[in-house]
file start_25.txt (compact mmCIF, C-alpha atoms and all ligand atoms)
# COMPACT_ATOMS: atom_id res chain seq x y z
CA MET A 1 -66.01 12.47 -12.30
CA PHE A 2 -63.79 9.59 -11.28
CA SER A 3 -62.77 11.41 -8.09
CA VAL A 4 -66.43 11.75 -7.07
CA TYR A 5 -66.78 8.01 -7.38
CA ARG A 6 -63.70 7.53 -5.20
CA VAL A 7 -65.02 9.85 -2.52
CA PHE A 8 -68.19 7.82 -2.24
CA LEU A 9 -66.27 4.57 -2.26
CA VAL A 10 -64.14 5.80 0.64
CA LEU A 11 -67.26 6.99 2.45
CA PHE A 12 -68.91 3.63 2.00
CA VAL A 13 -65.87 1.66 3.15
CA THR A 14 -65.60 3.88 6.24
CA LEU A 15 -69.25 3.30 7.09
CA ALA A 16 -68.91 -0.44 6.59
CA ALA A 17 -65.90 -0.49 8.93
CA ALA A 18 -67.84 1.49 11.53
CA ALA A 19 -70.73 -0.95 11.20
CA SER A 20 -68.51 -3.96 11.81
CA GLU A 21 -67.11 -2.26 14.92
CA VAL A 22 -70.60 -1.77 16.33
CA PHE A 23 -71.69 -5.29 15.44
CA ALA A 24 -68.85 -6.71 17.56
CA THR A 25 -70.27 -7.96 20.83
CA LYS A 26 -68.80 -7.96 24.29
CA HIS A 27 -69.94 -11.15 25.98
CA GLU A 28 -70.00 -10.64 29.71
CA VAL A 29 -69.15 -13.80 31.62
CA THR A 30 -70.31 -14.05 35.22
CA TRP A 31 -67.29 -16.15 36.21
CA ASP A 32 -68.59 -18.10 39.19
CA VAL A 33 -69.11 -21.70 40.27
CA SER A 34 -72.88 -21.23 40.18
CA THR A 35 -73.05 -20.16 36.53
CA ASP A 36 -74.26 -22.74 34.01
CA PHE A 37 -71.66 -22.04 31.35
CA LYS A 38 -72.93 -24.68 28.94
CA SER A 39 -76.32 -23.07 28.58
CA TRP A 40 -74.82 -19.56 28.65
CA GLU A 41 -72.53 -20.45 25.80
CA SER A 42 -75.12 -22.38 23.77
CA GLY A 43 -77.40 -19.36 23.56
CA ARG A 44 -74.80 -17.18 21.95
CA THR A 45 -72.86 -16.77 18.76
CA PHE A 46 -69.22 -15.80 19.07
CA LYS A 47 -67.81 -14.02 16.06
CA VAL A 48 -64.31 -12.91 15.21
CA GLY A 49 -63.92 -9.45 16.68
CA ASP A 50 -66.13 -10.19 19.68
CA GLN A 51 -64.78 -10.05 23.21
CA LEU A 52 -65.28 -12.08 26.34
CA GLU A 53 -65.30 -10.17 29.58
CA PHE A 54 -64.76 -12.33 32.65
CA LYS A 55 -66.21 -10.68 35.73
CA TYR A 56 -65.40 -12.20 39.10
CA SER A 57 -63.89 -11.67 42.50
CA SER A 58 -60.13 -11.89 42.00
CA SER A 59 -59.66 -13.21 45.53
CA MET A 60 -61.81 -16.25 44.73
CA HIS A 61 -61.15 -17.05 41.09
CA SER A 62 -58.82 -16.68 38.16
CA VAL A 63 -59.04 -17.33 34.44
CA LEU A 64 -56.76 -19.81 32.74
CA GLU A 65 -56.82 -20.45 29.04
CA LEU A 66 -56.29 -24.16 28.45
CA SER A 67 -54.32 -25.57 25.57
CA GLY A 68 -56.96 -27.93 24.16
CA GLU A 69 -59.98 -30.19 24.35
CA LYS A 70 -58.23 -32.91 26.35
CA GLU A 71 -57.08 -30.43 29.00
CA TYR A 72 -60.56 -28.92 29.09
CA LYS A 73 -62.25 -32.28 29.62
CA SER A 74 -59.89 -33.40 32.36
CA CYS A 75 -59.52 -29.95 33.97
CA ASP A 76 -55.78 -30.11 33.42
CA THR A 77 -54.76 -26.57 34.30
CA GLY A 78 -51.04 -27.35 34.41
CA THR A 79 -50.40 -26.61 30.77
CA SER A 80 -52.45 -23.44 30.47
CA VAL A 81 -51.39 -21.03 27.75
CA ASN A 82 -52.55 -17.87 29.49
CA SER A 83 -53.45 -16.82 33.00
CA MET A 84 -55.43 -13.82 34.22
CA ASN A 85 -56.55 -12.75 37.67
CA GLY A 86 -57.69 -9.15 37.36
CA GLY A 87 -61.34 -9.84 38.12
CA ASN A 88 -62.38 -8.00 34.98
CA ASP A 89 -60.46 -9.69 32.20
CA VAL A 90 -61.15 -9.08 28.54
CA VAL A 91 -60.28 -11.72 25.96
CA LYS A 92 -60.48 -10.84 22.29
CA LEU A 93 -61.69 -13.50 19.88
CA THR A 94 -59.31 -12.76 17.05
CA LYS A 95 -59.79 -15.78 14.81
CA PRO A 96 -62.20 -18.66 14.14
CA GLY A 97 -61.72 -21.77 16.26
CA THR A 98 -62.29 -23.18 19.72
CA ARG A 99 -60.81 -21.79 22.92
CA TYR A 100 -60.97 -23.25 26.40
CA PHE A 101 -61.06 -21.48 29.74
CA ALA A 102 -61.12 -22.72 33.31
CA CYS A 103 -60.84 -21.33 36.79
CA GLY A 104 -57.43 -21.83 38.37
CA THR A 105 -58.76 -22.19 41.91
CA MET A 106 -58.44 -25.76 43.21
CA GLY A 107 -61.58 -27.76 42.51
CA HIS A 108 -63.52 -25.06 40.71
CA CYS A 109 -63.01 -26.45 37.22
CA ASP A 110 -64.24 -29.85 38.38
CA GLN A 111 -67.34 -28.12 39.77
CA GLY A 112 -68.08 -26.88 36.27
CA MET A 113 -66.25 -23.59 36.22
CA LYS A 114 -64.97 -23.97 32.71
CA LEU A 115 -65.93 -22.51 29.39
CA LYS A 116 -65.56 -23.67 25.82
CA ILE A 117 -65.95 -20.99 23.17
CA LYS A 118 -66.37 -21.65 19.46
CA THR A 119 -65.61 -18.57 17.42
CA VAL A 120 -66.97 -18.32 13.90
CA ALA A 121 -65.88 -15.99 11.12
CA ALA A 122 -67.59 -12.62 11.27
CA ASN A 123 -70.29 -12.53 8.62
CA GLY A 124 -71.10 -9.86 6.04
CA ALA A 125 -71.05 -6.85 8.38
CA GLY A 126 -67.49 -5.92 7.50
CA SER A 127 -67.61 -6.89 3.85
CA SER A 128 -68.94 -4.37 1.37
CA ALA A 129 -69.98 -7.16 -1.00
CA ASP A 130 -72.73 -8.44 1.26
CA SER A 131 -76.03 -6.68 1.62
CA PRO A 132 -76.54 -5.33 5.13
CA SER A 133 -79.72 -7.32 5.65
CA SER A 134 -77.88 -10.62 5.27
CA SER A 135 -75.57 -9.69 8.13
CA SER A 136 -78.30 -9.12 10.66
CA THR A 137 -77.70 -11.39 13.55
CA SER A 138 -80.63 -9.80 15.31
CA PRO A 139 -79.42 -7.21 17.82
CA THR A 140 -81.77 -8.38 20.55
CA SER A 141 -80.18 -11.83 20.69
CA GLU A 142 -76.76 -10.26 21.21
CA GLU A 143 -77.75 -8.24 24.20
CA ASP A 144 -76.10 -9.10 27.44
CA THR A 145 -78.71 -10.57 29.72
CA PRO A 146 -77.48 -10.18 33.32
CA SER A 147 -79.78 -7.48 34.62
CA SER A 148 -77.73 -6.91 37.76
CA SER A 149 -74.87 -5.52 35.74
CA SER A 150 -76.82 -3.45 33.27
CA THR A 151 -74.70 -0.39 34.06
CA ALA A 152 -71.58 -2.13 32.81
CA SER A 153 -72.80 -1.61 29.31
CA SER A 154 -72.24 -3.86 26.37
CA THR A 155 -70.64 -2.42 23.26
CA THR A 156 -73.83 -2.92 21.29
CA PRO A 157 -76.77 -0.94 22.56
CA THR A 158 -79.65 -2.16 20.42
CA SER A 159 -80.61 1.28 19.18
CA ALA A 160 -77.07 2.07 18.08
CA ALA A 161 -76.80 -1.23 16.26
CA GLN A 162 -80.07 -0.58 14.50
CA ALA A 163 -79.03 2.95 13.62
CA THR A 164 -75.78 1.68 12.17
CA GLN A 165 -77.59 -1.00 10.24
CA PHE A 166 -79.82 1.68 8.81
CA LEU A 167 -76.79 3.82 7.96
CA ALA A 168 -75.09 0.89 6.28
CA ALA A 169 -78.21 0.17 4.24
CA MET A 170 -78.52 3.84 3.30
CA SER A 171 -74.89 4.09 2.25
CA LEU A 172 -75.24 0.96 0.16
CA ALA A 173 -78.31 2.39 -1.55
CA LEU A 174 -76.56 5.71 -2.05
CA THR A 175 -73.50 4.01 -3.51
CA SER A 176 -75.69 2.05 -5.92
CA ILE A 177 -77.39 5.25 -7.06
CA ILE A 178 -74.07 7.06 -7.52
CA ILE A 179 -72.60 4.19 -9.49
CA GLY A 180 -75.77 4.03 -11.59
CA LEU A 181 -75.58 7.77 -12.32
CA LEU A 182 -71.90 7.51 -13.18
CA ASN A 183 -72.69 4.72 -15.65
CA ILE A 184 -75.22 6.98 -17.33
CA PHE A 185 -73.04 10.08 -17.57
CA VAL A 186 -69.59 8.66 -18.20
CU CU A 201 -63.14 -20.29 40.63

call {"tool": "encode", "arguments": {"input": "start_25.txt", "output": "structure tokens"}}
result
Amino acid sequence: MFSVYRVFLVLFVTLAAAASEVFATKHEVTWDVSTDFKSWESGRTFKVGDQLEFKYSSSMHSVLELSGEKEYKSCDTGTSVNSMNGGNDVVKLTKPGTRYFACGTMGHCDQGMKLKIKTVAANGAGSSADSPSSSSTSPTSEEDTPSSSSTASSTTPTSAAQATQFLAAMSLALTSIIIGLLNIFV
């Protein structure tokens, strides 16, 4: 009987892990002097596990990660902690906190080509203790908006996210039932 319980526990943990994978969002950044990064950033939530994807022409721009707030404010790119120039650079948000990015091309940062990202701890999606409904940062708000690049798909198609949410809810319900039955029979 105990082994049955374990099987379902493993199943549930696996599903929860899969759900947290799907809930991770890839935030596509149109890395250009004409983008209003402040409003782009303010409309989004960045969670641990999410990714930034900087898309740009590598002959025009680059991506520097700046060391702090002071460097960000003054566009001091001299002490950058990381530099990328692939034109399609992915940055993983691995922990809560603030990170700063700027273009390395002369003058671009001063023209507003800089980005400040506040990452928050991922909520309930990955934790089996939380109910799935509490972890619903609504899928529609996480969709990438640029319509021109709709083929470069985000990692969270709405339907898949909803399906996974449903699965997570189902597995939680199933686990509750199993545990309830085990309590009766054992
Ligand atoms: Cu630039």

call {"tool": "residues_around", "arguments": {"input": "start_25.txt", "residues": "A:Asn88", "least_positions_apart": "3", "cutoff": "9 Å", "atoms": "all atoms listed in the file", "output": "NGL selection string"}}
result
:A and (53-58 or 85)

call {"tool": "axis_aligned_box", "arguments": {"input": "start_25.txt", "around": "stretch 61-71 of chain A", "padding_each_side": "3 Å", "output": "AutoDock Vina command-line options"}}
result
--center_x -57.7 --center_y -24.8 --center_z 32.6 --size_x 12.8 --size_y 22.2 --size_z 22.9

call {"tool": "closest_residue", "arguments": {"input": "start_25.txt", "among": "A:Glu41, A:Glu69, A:Asp32, A:Asp89", "to": "ligand CU 201 (chain A)", "atoms": "all atoms listed in the file"}}
result
A:Asp32

call {"tool": "closest_residue", "arguments": {"input": "start_25.txt", "among": "A:Thr25, A:Asp76, A:Val33, A:Leu66", "to": "A:Val90", "atoms": "all atoms listed in the file"}}
result
A:Thr25

call {"tool": "closest_residue", "arguments": {"input": "start_25.txt", "among": "A:Thr45, A:Thr105, A:Asn123, A:Gln51", "to": "ligand CU 201 (chain A)", "atoms": "all atoms listed in the file"}}
result
A:Thr105

call {"tool": "closest_residue", "arguments": {"input": "start_25.txt", "among": "A:Gly86, A:Gly78, A:Gly97, A:Gly43", "to": "A:Ser59", "atoms": "only C-alpha atoms"}}
result
A:Gly86

call {"tool": "residues_near_ligand", "arguments": {"input": "start_25.txt", "ligand": "ligand CU 201 (chain A)", "cutoff": "12 Å", "atoms": "all atoms listed in the file", "output": "MDAnalysis selection string"}}
result
chainID A and resid 30:35 54:64 84:85 87 101:115

call {"tool": "atom_distance", "arguments": {"input": "start_25.txt", "atom1": "atom CA of A:Val120", "atom2": "atom CA of A:Lys38"}}
result
17.4 Å

call {"tool": "atom_distance", "arguments": {"input": "start_25.txt", "atom1": "atom CA of A:Arg99", "atom2": "atom CA of A:Tyr72"}}
result
9.4 Å

call {"tool": "closest_residue", "arguments": {"input": "start_25.txt", "among": "A:Pro96, A:Glu71, A:Ser39, A:Arg44", "to": "A:His27", "atoms": "all atoms listed in the file"}}
result
A:Arg44

call {"tool": "closest_residue", "arguments": {"input": "start_25.txt", "among": "A:Ser80, A:Lys95, A:Ser74, A:Lys116", "to": "A:Asp36", "atoms": "only C-alpha atoms"}}
result
A:Lys116

call {"tool": "atom_distance", "arguments": {"input": "start_25.txt", "atom1": "atom CA of A:Val48", "atom2": "atom CA of A:Thr77"}}
result
25.3 Å
